[in-house]
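Peer 1: Provided below: protein_38.cif, containing mmCIF, C-alpha atoms (C1' of nucleotides).
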```cif
data_query
#
loop_
_atom_site.group_PDB
_atom_site.id
_atom_site.type_symbol
_atom_site.label_atom_id
_atom_site.label_comp_id
_atom_site.auth_asym_id
_atom_site.auth_seq_id
_atom_site.Cartn_x
_atom_site.Cartn_y
_atom_site.Cartn_z
ATOM 1 C CA MET A 1274 3.055 -21.030 25.346
ATOM 2 C CA SER A 1275 3.404 -24.611 26.607
ATOM 3 C CA SER A 1276 1.497 -25.437 29.767
ATOM 4 C CA GLN A 1277 2.431 -27.662 32.626
ATOM 5 C CA PHE A 1278 -0.908 -29.387 32.426
ATOM 6 C CA GLY A 1279 -0.519 -29.968 28.705
ATOM 7 C CA ASN A 1280 2.963 -31.342 29.052
ATOM 8 C CA LYS A 1281 1.864 -33.663 31.778
ATOM 9 C CA ILE A 1282 -1.032 -35.210 29.942
ATOM 10 C CA ARG A 1283 0.927 -35.531 26.743
ATOM 11 C CA THR A 1284 3.642 -37.407 28.596
ATOM 12 C CA LEU A 1285 1.132 -39.651 30.303
ATOM 13 C CA ARG A 1286 -0.678 -40.364 27.069
ATOM 14 C CA GLU A 1287 2.519 -41.253 25.257
ATOM 15 C CA GLU A 1288 3.682 -43.458 28.092
ATOM 16 C CA GLN A 1289 0.466 -45.386 27.724
ATOM 17 C CA ASN A 1290 0.694 -45.535 23.949
ATOM 18 C CA LEU A 1291 -2.590 -43.839 23.400
ATOM 19 C CA LEU A 1292 -3.248 -41.776 20.309
ATOM 20 C CA LEU A 1293 -4.626 -38.267 20.390
ATOM 21 C CA ARG A 1294 -7.643 -39.405 18.456
ATOM 22 C CA GLN A 1295 -8.299 -42.254 20.867
ATOM 23 C CA VAL A 1296 -8.322 -40.009 23.876
ATOM 24 C CA ALA A 1297 -10.193 -37.326 21.980
ATOM 25 C CA SER A 1298 -12.835 -39.794 20.986
ATOM 26 C CA ILE A 1299 -13.426 -40.901 24.559
ATOM 27 C CA LEU A 1300 -13.705 -37.253 25.499
ATOM 28 C CA GLU A 1301 -16.042 -36.735 22.536
ATOM 29 C CA MET A 1302 -13.885 -33.844 21.436
ATOM 30 C CA ASP A 1303 -12.125 -32.844 18.250
ATOM 31 C CA THR A 1304 -8.606 -34.256 17.915
ATOM 32 C CA ALA A 1305 -7.301 -30.848 16.935
ATOM 33 C CA GLN A 1306 -8.780 -29.435 20.090
ATOM 34 C CA LEU A 1307 -7.008 -31.912 22.310
ATOM 35 C CA SER A 1308 -3.800 -31.335 20.436
ATOM 36 C CA LYS A 1309 -4.083 -27.648 21.216
ATOM 37 C CA ILE A 1310 -4.769 -28.362 24.848
ATOM 38 C CA GLU A 1311 -1.717 -30.572 25.123
ATOM 39 C CA ARG A 1312 0.427 -27.865 23.608
ATOM 40 C CA GLY A 1313 -1.043 -25.176 25.832
ATOM 41 C CA GLU A 1314 -2.716 -23.332 23.027
ATOM 42 C CA ARG A 1315 -6.159 -23.790 24.537
ATOM 43 C CA HIS A 1316 -7.519 -24.282 28.004
ATOM 44 C CA ALA A 1317 -9.308 -27.427 29.027
ATOM 45 C CA LYS A 1318 -12.519 -27.193 30.986
ATOM 46 C CA LYS A 1319 -12.407 -28.459 34.526
ATOM 47 C CA GLU A 1320 -14.798 -31.201 33.536
ATOM 48 C CA THR A 1321 -12.400 -32.279 30.803
ATOM 49 C CA VAL A 1322 -9.514 -32.375 33.257
ATOM 50 C CA LEU A 1323 -11.450 -34.754 35.436
ATOM 51 C CA LYS A 1324 -12.305 -37.026 32.545
ATOM 52 C CA ILE A 1325 -8.697 -37.066 31.419
ATOM 53 C CA ALA A 1326 -7.591 -38.085 34.893
ATOM 54 C CA VAL A 1327 -9.839 -41.106 34.633
ATOM 55 C CA ILE A 1328 -8.708 -42.002 31.137
ATOM 56 C CA LEU A 1329 -5.039 -41.692 32.004
ATOM 57 C CA LYS A 1330 -5.551 -43.310 35.388
ATOM 58 C CA VAL A 1331 -4.019 -40.592 37.506
ATOM 59 C CA ASN A 1332 -5.076 -38.667 40.539
ATOM 60 C CA ASP A 1333 -7.495 -35.789 39.991
ATOM 61 C CA ASP A 1334 -5.618 -33.411 42.178
ATOM 62 C CA GLU A 1335 -2.330 -33.722 40.422
ATOM 63 C CA LEU A 1336 -3.861 -32.655 37.129
ATOM 64 C CA LEU A 1337 -6.174 -30.079 38.625
ATOM 65 C CA THR A 1338 -3.273 -28.422 40.389
ATOM 66 C CA LEU A 1339 -1.258 -28.077 37.203
ATOM 67 C CA TRP A 1340 -4.307 -26.912 35.326
ATOM 68 C CA LEU A 1341 -5.023 -24.251 37.936
ATOM 69 C CA ALA A 1342 -1.387 -23.210 38.090
ATOM 70 C CA ASP A 1343 -1.441 -22.604 34.347
ATOM 71 C CA GLN A 1344 -4.423 -20.324 34.709
ATOM 72 C CA ILE A 1345 -2.770 -18.389 37.476
ATOM 73 C CA TYR A 1346 0.379 -18.097 35.474
ATOM 74 C CA ASP A 1347 -1.562 -16.675 32.549
ATOM 75 C CA VAL A 1348 -2.902 -13.946 34.761
ATOM 76 C CA VAL A 1349 0.434 -12.915 36.220
ATOM 77 C CA LYS A 1350 2.940 -13.692 33.515
ATOM 78 C CA ASP A 1351 3.693 -10.173 32.367
ATOM 79 C CA GLU A 1352 3.285 -8.463 35.685
ATOM 80 C CA ARG A 1353 6.032 -6.917 37.724
ATOM 81 C CA ASN A 1354 4.032 -7.463 40.903
ATOM 82 C CA ALA A 1355 3.266 -11.088 40.221
ATOM 83 C CA ILE A 1356 4.975 -12.586 43.230
ATOM 84 C CA LYS A 1357 3.672 -10.041 45.670
ATOM 85 C CA ALA A 1358 0.170 -10.409 44.255
ATOM 86 C CA MET A 1359 0.261 -14.173 44.604
ATOM 87 C CA LEU A 1360 1.262 -13.811 48.223
ATOM 88 C CA VAL A 1361 -1.602 -11.395 48.815
ATOM 89 C CA ALA A 1362 -4.009 -13.781 47.125
ATOM 90 C CA GLU A 1363 -2.766 -16.677 49.238
ATOM 91 C CA GLU A 1364 -3.286 -14.682 52.377
ATOM 92 C CA LYS A 1365 -6.801 -13.771 51.361
ATOM 93 C CA PHE A 1366 -7.551 -17.381 50.538
ATOM 94 C CA GLU A 1367 -6.206 -18.652 53.852
ATOM 95 C CA TYR A 1368 -7.995 -15.912 55.716
ATOM 96 C CA LEU A 1369 -11.348 -16.666 54.162
ATOM 97 C CA LYS A 1370 -10.873 -20.380 54.602
ATOM 98 C CA ILE A 1371 -10.615 -19.869 58.343
ATOM 99 C CA HIS A 1372 -13.408 -17.321 58.603
ATOM 100 C CA LYS A 1373 -15.527 -19.299 56.183
ATOM 101 C CA GLN A 1374 -17.594 -16.616 54.528
ATOM 102 C CA LYS A 1375 -17.897 -15.267 51.021
ATOM 103 C CA MET B 70 -17.771 -10.218 46.306
ATOM 104 C CA SER B 71 -15.763 -7.245 47.569
ATOM 105 C CA SER B 72 -12.255 -6.837 46.211
ATOM 106 C CA GLN B 73 -9.143 -5.638 47.923
ATOM 107 C CA PHE B 74 -8.479 -3.219 45.118
ATOM 108 C CA GLY B 75 -12.004 -1.849 45.288
ATOM 109 C CA ASN B 76 -11.922 -1.425 49.032
ATOM 110 C CA LYS B 77 -8.616 0.340 48.814
ATOM 111 C CA ILE B 78 -9.631 2.901 46.242
ATOM 112 C CA ARG B 79 -12.937 3.553 47.905
ATOM 113 C CA THR B 80 -11.172 4.252 51.157
ATOM 114 C CA LEU B 81 -8.657 6.507 49.487
ATOM 115 C CA ARG B 82 -11.361 8.358 47.625
ATOM 116 C CA GLU B 83 -13.401 8.938 50.757
ATOM 117 C CA GLU B 84 -10.370 10.063 52.707
ATOM 118 C CA GLN B 85 -9.831 12.686 50.070
ATOM 119 C CA ASN B 86 -13.469 13.698 49.988
ATOM 120 C CA LEU B 87 -13.893 12.983 46.340
ATOM 121 C CA LEU B 88 -17.219 11.952 44.905
ATOM 122 C CA LEU B 89 -17.671 8.926 42.707
ATOM 123 C CA ARG B 90 -18.859 11.148 39.915
ATOM 124 C CA GLN B 91 -15.823 13.377 40.197
ATOM 125 C CA VAL B 92 -13.387 10.526 39.867
ATOM 126 C CA ALA B 93 -15.523 8.874 37.224
ATOM 127 C CA SER B 94 -15.559 12.044 35.211
ATOM 128 C CA ILE B 95 -11.778 12.338 35.246
ATOM 129 C CA LEU B 96 -11.621 8.731 34.141
ATOM 130 C CA GLU B 97 -14.251 9.496 31.480
ATOM 131 C CA MET B 98 -16.258 6.575 32.733
ATOM 132 C CA ASP B 99 -19.810 6.035 33.884
ATOM 133 C CA THR B 100 -20.352 6.584 37.600
ATOM 134 C CA ALA B 101 -22.187 3.297 37.835
ATOM 135 C CA GLN B 102 -19.186 1.541 36.375
ATOM 136 C CA LEU B 103 -16.799 2.965 38.924
ATOM 137 C CA SER B 104 -19.232 2.159 41.689
ATOM 138 C CA LYS B 105 -19.196 -1.437 40.571
ATOM 139 C CA ILE B 106 -15.432 -1.490 40.414
ATOM 140 C CA GLU B 107 -15.164 -0.160 43.945
ATOM 141 C CA ARG B 108 -17.512 -2.828 45.177
ATOM 142 C CA GLY B 109 -15.707 -5.545 43.280
ATOM 143 C CA GLU B 110 -18.579 -6.254 40.963
ATOM 144 C CA ARG B 111 -16.523 -5.427 37.884
ATOM 145 C CA HIS B 112 -12.861 -5.485 37.022
ATOM 146 C CA ALA B 113 -10.930 -2.357 36.210
ATOM 147 C CA LYS B 114 -8.603 -2.336 33.239
ATOM 148 C CA LYS B 115 -4.930 -2.029 34.009
ATOM 149 C CA GLU B 116 -4.928 1.344 32.313
ATOM 150 C CA THR B 117 -7.705 2.473 34.626
ATOM 151 C CA VAL B 118 -5.759 1.319 37.659
ATOM 152 C CA LEU B 119 -2.845 3.481 36.614
ATOM 153 C CA LYS B 120 -5.043 6.513 36.098
ATOM 154 C CA ILE B 121 -6.662 6.003 39.469
ATOM 155 C CA ALA B 122 -3.250 5.877 41.123
ATOM 156 C CA VAL B 123 -2.533 9.297 39.698
ATOM 157 C CA ILE B 124 -5.890 10.730 40.694
ATOM 158 C CA LEU B 125 -5.675 9.399 44.226
ATOM 159 C CA LYS B 126 -1.980 10.222 44.458
ATOM 160 C CA VAL B 127 -0.740 6.796 45.436
ATOM 161 C CA ASN B 128 1.941 4.486 44.218
ATOM 162 C CA ASP B 129 1.159 2.426 41.116
ATOM 163 C CA ASP B 130 2.506 -0.771 42.533
ATOM 164 C CA GLU B 131 0.378 -0.785 45.588
ATOM 165 C CA LEU B 132 -2.805 -0.625 43.536
ATOM 166 C CA LEU B 133 -1.567 -2.914 40.798
ATOM 167 C CA THR B 134 -0.656 -5.556 43.332
ATOM 168 C CA LEU B 135 -4.103 -5.539 44.879
ATOM 169 C CA TRP B 136 -5.706 -5.498 41.471
ATOM 170 C CA LEU B 137 -3.684 -8.497 40.363
ATOM 171 C CA ALA B 138 -4.283 -10.321 43.618
ATOM 172 C CA ASP B 139 -8.021 -9.944 43.053
ATOM 173 C CA GLN B 140 -7.726 -11.515 39.653
ATOM 174 C CA ILE B 141 -5.728 -14.413 41.011
ATOM 175 C CA TYR B 142 -8.196 -14.883 43.784
ATOM 176 C CA ASP B 143 -11.055 -15.039 41.289
ATOM 177 C CA VAL B 144 -9.310 -17.880 39.518
ATOM 178 C CA VAL B 145 -8.649 -19.958 42.614
ATOM 179 C CA LYS B 146 -11.462 -19.085 44.961
ATOM 180 C CA ASP B 147 -13.472 -22.272 44.706
ATOM 181 C CA GLU B 148 -10.580 -24.643 44.197
ATOM 182 C CA ARG B 149 -9.379 -27.213 46.637
ATOM 183 C CA ASN B 150 -5.906 -27.071 45.157
ATOM 184 C CA ALA B 151 -5.622 -23.297 45.255
ATOM 185 C CA ILE B 152 -2.648 -23.023 47.550
ATOM 186 C CA LYS B 153 -0.659 -25.755 45.875
ATOM 187 C CA ALA B 154 -1.422 -24.274 42.472
ATOM 188 C CA MET B 155 -0.266 -20.840 43.528
ATOM 189 C CA LEU B 156 2.994 -22.315 44.726
ATOM 190 C CA VAL B 157 3.452 -24.096 41.426
ATOM 191 C CA ALA B 158 2.703 -20.899 39.543
ATOM 192 C CA GLU B 159 5.196 -18.977 41.653
ATOM 193 C CA GLU B 160 7.877 -21.523 40.938
ATOM 194 C CA LYS B 161 7.230 -21.342 37.240
ATOM 195 C CA PHE B 162 7.326 -17.570 37.340
ATOM 196 C CA GLU B 163 10.601 -17.505 39.257
ATOM 197 C CA TYR B 164 12.065 -20.140 37.035
ATOM 198 C CA LEU B 165 11.231 -18.302 33.827
ATOM 199 C CA LYS B 166 12.390 -15.023 35.268
ATOM 200 C CA ILE B 167 15.840 -16.477 35.732
ATOM 201 C CA HIS B 168 15.948 -18.344 32.453
ATOM 202 C CA LYS B 169 14.395 -15.415 30.660
ATOM 203 C CA GLN B 170 12.544 -17.035 27.799
ATOM 204 C CA LYS B 171 8.918 -17.287 26.780
ATOM 205 C "C1'" DA C 1449 9.117 -42.799 -3.388
ATOM 206 C "C1'" DT C 1450 4.208 -43.736 -2.175
ATOM 207 C "C1'" DT C 1451 0.742 -44.597 0.804
ATOM 208 C "C1'" DA C 1452 -1.215 -44.492 5.277
ATOM 209 C "C1'" DT C 1453 -1.743 -42.643 9.730
ATOM 210 C "C1'" DA C 1454 -0.975 -39.044 13.352
ATOM 211 C "C1'" DT C 1455 -0.693 -34.526 14.566
ATOM 212 C "C1'" DT C 1456 -0.766 -29.582 13.752
ATOM 213 C "C1'" DT C 1457 -2.329 -25.317 11.720
ATOM 214 C "C1'" DG C 1458 -5.349 -21.803 10.154
ATOM 215 C "C1'" DC C 1459 -9.679 -20.170 9.645
ATOM 216 C "C1'" DC C 1460 -14.295 -18.954 10.743
ATOM 217 C "C1'" DA C 1461 -18.771 -19.274 12.913
ATOM 218 C "C1'" DA C 1462 -21.035 -19.978 17.206
ATOM 219 C "C1'" DA C 1463 -21.039 -19.518 22.045
ATOM 220 C "C1'" DT C 1464 -19.735 -17.107 26.087
ATOM 221 C "C1'" DA C 1465 -18.083 -13.450 28.773
ATOM 222 C "C1'" DA C 1466 -16.913 -8.652 29.637
ATOM 223 C "C1'" DT C 1467 -18.021 -3.954 29.119
ATOM 224 C "C1'" DG C 1468 -20.524 0.379 28.478
ATOM 225 C "C1'" DT C 1469 -24.701 2.901 28.970
ATOM 226 C "C1'" DC C 1470 -28.903 4.200 30.693
ATOM 227 C "C1'" DA C 1471 -32.970 4.578 33.602
ATOM 228 C "C1'" DA C 1472 -34.953 3.668 37.684
ATOM 229 C "C1'" DG C 1473 -34.094 2.572 42.493
ATOM 230 C "C1'" DT C 1474 -32.513 3.284 47.426
ATOM 231 C "C1'" DC C 1475 -30.814 5.959 51.037
ATOM 232 C "C1'" DA C 1476 -29.435 9.805 53.910
ATOM 233 C "C1'" DA C 1477 -29.183 14.598 54.871
ATOM 234 C "C1'" DA C 1478 -31.117 19.041 54.512
ATOM 235 C "C1'" DT D 784 -40.270 16.010 50.219
ATOM 236 C "C1'" DT D 785 -36.562 17.426 47.577
ATOM 237 C "C1'" DT D 786 -31.795 16.932 46.503
ATOM 238 C "C1'" DG D 787 -27.551 14.638 45.806
ATOM 239 C "C1'" DA D 788 -24.773 10.404 46.037
ATOM 240 C "C1'" DC D 789 -24.600 6.052 45.106
ATOM 241 C "C1'" DT D 790 -26.540 1.428 43.618
ATOM 242 C "C1'" DT D 791 -29.048 -1.813 40.887
ATOM 243 C "C1'" DG D 792 -30.700 -4.126 36.999
ATOM 244 C "C1'" DA D 793 -31.473 -4.570 32.270
ATOM 245 C "C1'" DC D 794 -29.923 -4.354 27.851
ATOM 246 C "C1'" DA D 795 -26.990 -3.522 23.668
ATOM 247 C "C1'" DT D 796 -22.354 -3.680 22.224
ATOM 248 C "C1'" DT D 797 -17.859 -5.505 21.990
ATOM 249 C "C1'" DA D 798 -14.322 -8.740 22.932
ATOM 250 C "C1'" DT D 799 -12.657 -13.252 23.886
ATOM 251 C "C1'" DT D 800 -13.008 -18.157 23.823
ATOM 252 C "C1'" DT D 801 -14.461 -22.242 21.838
ATOM 253 C "C1'" DG D 802 -15.669 -25.901 18.567
ATOM 254 C "C1'" DG D 803 -15.301 -27.812 14.268
ATOM 255 C "C1'" DC D 804 -13.566 -28.528 9.858
ATOM 256 C "C1'" DA D 805 -10.274 -28.832 6.034
ATOM 257 C "C1'" DA D 806 -5.840 -28.375 4.590
ATOM 258 C "C1'" DA D 807 -1.008 -28.780 5.751
ATOM 259 C "C1'" DT D 808 2.763 -31.283 7.967
ATOM 260 C "C1'" DA D 809 4.978 -34.695 9.970
ATOM 261 C "C1'" DT D 810 5.964 -39.633 10.947
ATOM 262 C "C1'" DA D 811 6.052 -44.363 9.781
ATOM 263 C "C1'" DA D 812 5.358 -48.422 7.018
ATOM 264 C "C1'" DT D 813 5.497 -50.732 2.629
#
```
As structure tokens, how would this structure be written, given the file I've shared?

Peer 2:
Amino acid sequence: MSSQFGNKIRTLREEQNLLLRQVASILEMDTAQLSKIERGERHAKKETVLKIAVILKVNDDELLTLWLADQIYDVVKDERNAIKAMLVAEEKFEYLKIHKQK
Amino acid sequence: MSSQFGNKIRTLREEQNLLLRQVASILEMDTAQLSKIERGERHAKKETVLKIAVILKVNDDELLTLWLADQIYDVVKDERNAIKAMLVAEEKFEYLKIHKQK
DNA sequence: ATTATATTTGCCAAATAATGTCAAGTCAAA
DNA sequence: TTTGACTTGACATTATTTGGCAAATATAAT
């Protein structure tokens, strides 16, 4: 369980002495929901990540990177070929970035 | 569209002069389904990947790696932080592999 | 200890996404 | 123009994710 994104935003929130329900209310989301997100039991939407970055006054990219990394990790976590597959995916990504096409 | 896994198995199948419907029938799956998998329009189940490896007489890992890479790519394809996130995910994977815990 | 507040948990219904199946479509070769 | 291989699109079915609520637990204050 336990996600890097969740850990990060929980730490930030606590550092700023904000309550779950305060942040949840700004996000117009159930407190329980946010609690689950912080503990990695649920995924946040990208939109939510962006809003949280504003609320906690941090850079988008830092949070988005952790959030994405969690999703990738979920996909590969039980796979023997995880590392190789990530390298292949990186290559494909880099390749397509250069030859910009879908 | 177009997946590395799909391209690979289509190539292998054609090299061996097998018809979609022949392979599909061994897999007990609709021909249309397999067609979509080969063209990357649908995902194969892991179980299906393994069966295909047997049918096409190739190594599991080769196909599983491509199949996984496709899934990773789907997650990151439109993300600015894709590369960074993959690195973070790799580190987490390596880290947990060493400190074997969930 | 009792109350008050914060967070977590479990459950279920609603929403969303993935899959399977079929019929009709295209395309190329005979 | 008929046949066989493959593709496409639509739809029903199934599976997974989400949101929301109420009850349970913790944590803190009085």

Peer 1: Can you work out which residues from chain C touch chain A at a cut-off of 8 Å (counting only C-alpha atoms (C1' of nucleotides)) and hand them back as an NGL selection string?

Peer 2: :C and (1454-1456)

Peer 1: Export, as an mmCIF file, in the coordinates of the input, the selected residues with C-alpha atoms (C1' of nucleotides).

Peer 2:
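Printed below is out_13.cif as written:
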```cif
data_model
loop_
_atom_site.group_PDB
_atom_site.id
_atom_site.type_symbol
_atom_site.label_atom_id
_atom_site.label_comp_id
_atom_site.auth_asym_id
_atom_site.auth_seq_id
_atom_site.Cartn_x
_atom_site.Cartn_y
_atom_site.Cartn_z
ATOM 1 C "C1'" DA C 1454 -0.975 -39.044 13.352
ATOM 2 C "C1'" DT C 1455 -0.693 -34.526 14.566
ATOM 3 C "C1'" DT C 1456 -0.766 -29.582 13.752
#
```

Peer 1: For the file shown, report as a ChimeraX atom specification the outcome of the PyMOL selection byres ((chain C and resi 1460) around 10) at residue level.

Peer 2: /C:1458-1459,1461-1462 /D:803-804

Peer 1: Return as a list in words the set of residues that the PyMOL selection byres ((chain C and resi 1477) around 12) yields on the displayed structure.

Peer 2: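 So the PyMOL selection byres ((chain C and resi 1477) around 12), applied here, picks out DC1475, DA1476 and DA1478 of chain C; DT785, DT786, DG787 and DA788 of chain D.
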
Peer 1: Within 6 Å of stretch 1339-1355 of chain A, counting all atoms listed in the file, which residues show up once you throw out same-chain ones fewer than 3 positions away? Write them as number ranges by chain, please.

Peer 2: A: 1277-1278, 1336, 1358; B: 134, 154, 157-158

Peer 1: Counting all atoms listed in the file, figure out which residue out of A:Leu1300, A:Leu1285, A:Leu1369, A:Leu1307 gets nearest to A:Leu1323.

Peer 2: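 Comparing A:Leu1300, A:Leu1285, A:Leu1369, A:Leu1307 against A:Leu1323, the winner is A:Leu1300.
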
Peer 1: Limit the output to C-alpha atoms and give stretch 1276-1370 of chain A as a compact mmCIF listing (two decimals), in the first residue's frame.

Peer 2:
```
# COMPACT_ATOMS: atom_id res chain seq x y z
CA SER A 1276 2.04 5.74 -2.06
CA GLN A 1277 4.77 8.26 -2.54
CA PHE A 1278 2.26 10.85 -3.58
CA GLY A 1279 0.12 10.18 -0.53
CA ASN A 1280 3.04 10.37 1.84
CA LYS A 1281 4.17 13.60 0.32
CA ILE A 1282 0.89 15.42 0.58
CA ARG A 1283 0.25 14.15 4.07
CA THR A 1284 3.62 15.47 5.17
CA LEU A 1285 3.02 18.80 3.50
CA ARG A 1286 -0.43 19.12 5.01
CA GLU A 1287 0.82 18.34 8.49
CA GLU A 1288 3.70 20.75 8.15
CA GLN A 1289 1.18 23.45 7.38
CA ASN A 1290 -1.14 22.42 10.19
CA LEU A 1291 -4.06 21.82 7.94
CA LEU A 1292 -6.73 19.30 8.81
CA LEU A 1293 -7.93 16.62 6.44
CA ARG A 1294 -11.39 18.09 6.53
CA GLN A 1295 -10.10 21.56 5.72
CA VAL A 1296 -8.27 20.41 2.65
CA ALA A 1297 -11.09 18.07 1.72
CA SER A 1298 -13.57 20.87 1.95
CA ILE A 1299 -11.57 23.09 -0.39
CA LEU A 1300 -11.39 20.17 -2.78
CA GLU A 1301 -15.13 19.62 -2.30
CA MET A 1302 -14.43 16.00 -1.54
CA ASP A 1303 -15.29 13.60 1.25
CA THR A 1304 -12.79 13.62 4.13
CA ALA A 1305 -12.68 9.84 4.09
CA GLN A 1306 -11.79 9.96 0.44
CA LEU A 1307 -8.84 12.24 0.99
CA SER A 1308 -7.72 10.13 3.89
CA LYS A 1309 -7.65 7.13 1.60
CA ILE A 1310 -5.71 9.03 -1.01
CA GLU A 1311 -3.11 10.09 1.52
CA ARG A 1312 -2.68 6.52 2.64
CA GLY A 1313 -2.48 5.22 -0.91
CA GLU A 1314 -5.70 3.31 -0.73
CA ARG A 1315 -7.24 5.29 -3.57
CA HIS A 1316 -5.93 7.17 -6.54
CA ALA A 1317 -6.39 10.89 -6.93
CA LYS A 1318 -7.51 12.30 -10.24
CA LYS A 1319 -5.00 14.41 -12.08
CA GLU A 1320 -7.27 17.38 -11.59
CA THR A 1321 -7.22 16.78 -7.85
CA VAL A 1322 -3.43 16.62 -7.84
CA LEU A 1323 -3.28 20.02 -9.44
CA LYS A 1324 -5.69 21.52 -6.95
CA ILE A 1325 -3.74 20.04 -4.06
CA ALA A 1326 -0.55 21.59 -5.39
CA VAL A 1327 -2.21 24.97 -5.20
CA ILE A 1328 -3.63 24.40 -1.74
CA LEU A 1329 -0.33 23.16 -0.36
CA LYS A 1330 1.63 25.76 -2.30
CA VAL A 1331 4.00 23.41 -4.05
CA ASN A 1332 5.10 22.90 -7.60
CA ASP A 1333 2.75 20.95 -9.86
CA ASP A 1334 5.45 18.82 -11.32
CA GLU A 1335 6.76 17.51 -8.07
CA LEU A 1336 3.37 16.11 -7.13
CA LEU A 1337 2.47 14.99 -10.62
CA THR A 1338 5.70 13.04 -10.88
CA LEU A 1339 5.08 11.16 -7.66
CA TRP A 1340 1.48 10.58 -8.62
CA LEU A 1341 2.51 9.17 -11.99
CA ALA A 1342 5.26 7.07 -10.45
CA ASP A 1343 2.70 5.47 -8.15
CA GLN A 1344 0.57 4.51 -11.11
CA ILE A 1345 3.52 3.02 -12.91
CA TYR A 1346 4.52 1.14 -9.83
CA ASP A 1347 1.05 -0.33 -9.54
CA VAL A 1348 1.34 -1.71 -13.02
CA VAL A 1349 4.73 -3.32 -12.55
CA LYS A 1350 4.86 -4.22 -8.90
CA ASP A 1351 4.44 -7.97 -9.19
CA GLU A 1352 6.22 -8.42 -12.46
CA ARG A 1353 9.53 -10.13 -12.95
CA ASN A 1354 10.17 -8.07 -16.07
CA ALA A 1355 9.38 -4.76 -14.48
CA ILE A 1356 12.74 -3.11 -14.93
CA LYS A 1357 13.22 -4.27 -18.47
CA ALA A 1358 9.70 -3.19 -19.35
CA MET A 1359 10.23 0.27 -17.92
CA LEU A 1360 13.35 0.65 -20.00
CA VAL A 1361 11.45 -0.41 -23.11
CA ALA A 1362 8.69 2.04 -22.30
CA GLU A 1363 11.20 4.84 -21.79
CA GLU A 1364 12.76 4.12 -25.13
CA LYS A 1365 9.41 4.17 -26.85
CA PHE A 1366 8.53 7.43 -25.15
CA GLU A 1367 11.81 9.07 -26.12
CA TYR A 1368 11.53 7.73 -29.63
CA LEU A 1369 8.05 9.07 -30.16
CA LYS A 1370 8.93 12.38 -28.59
```
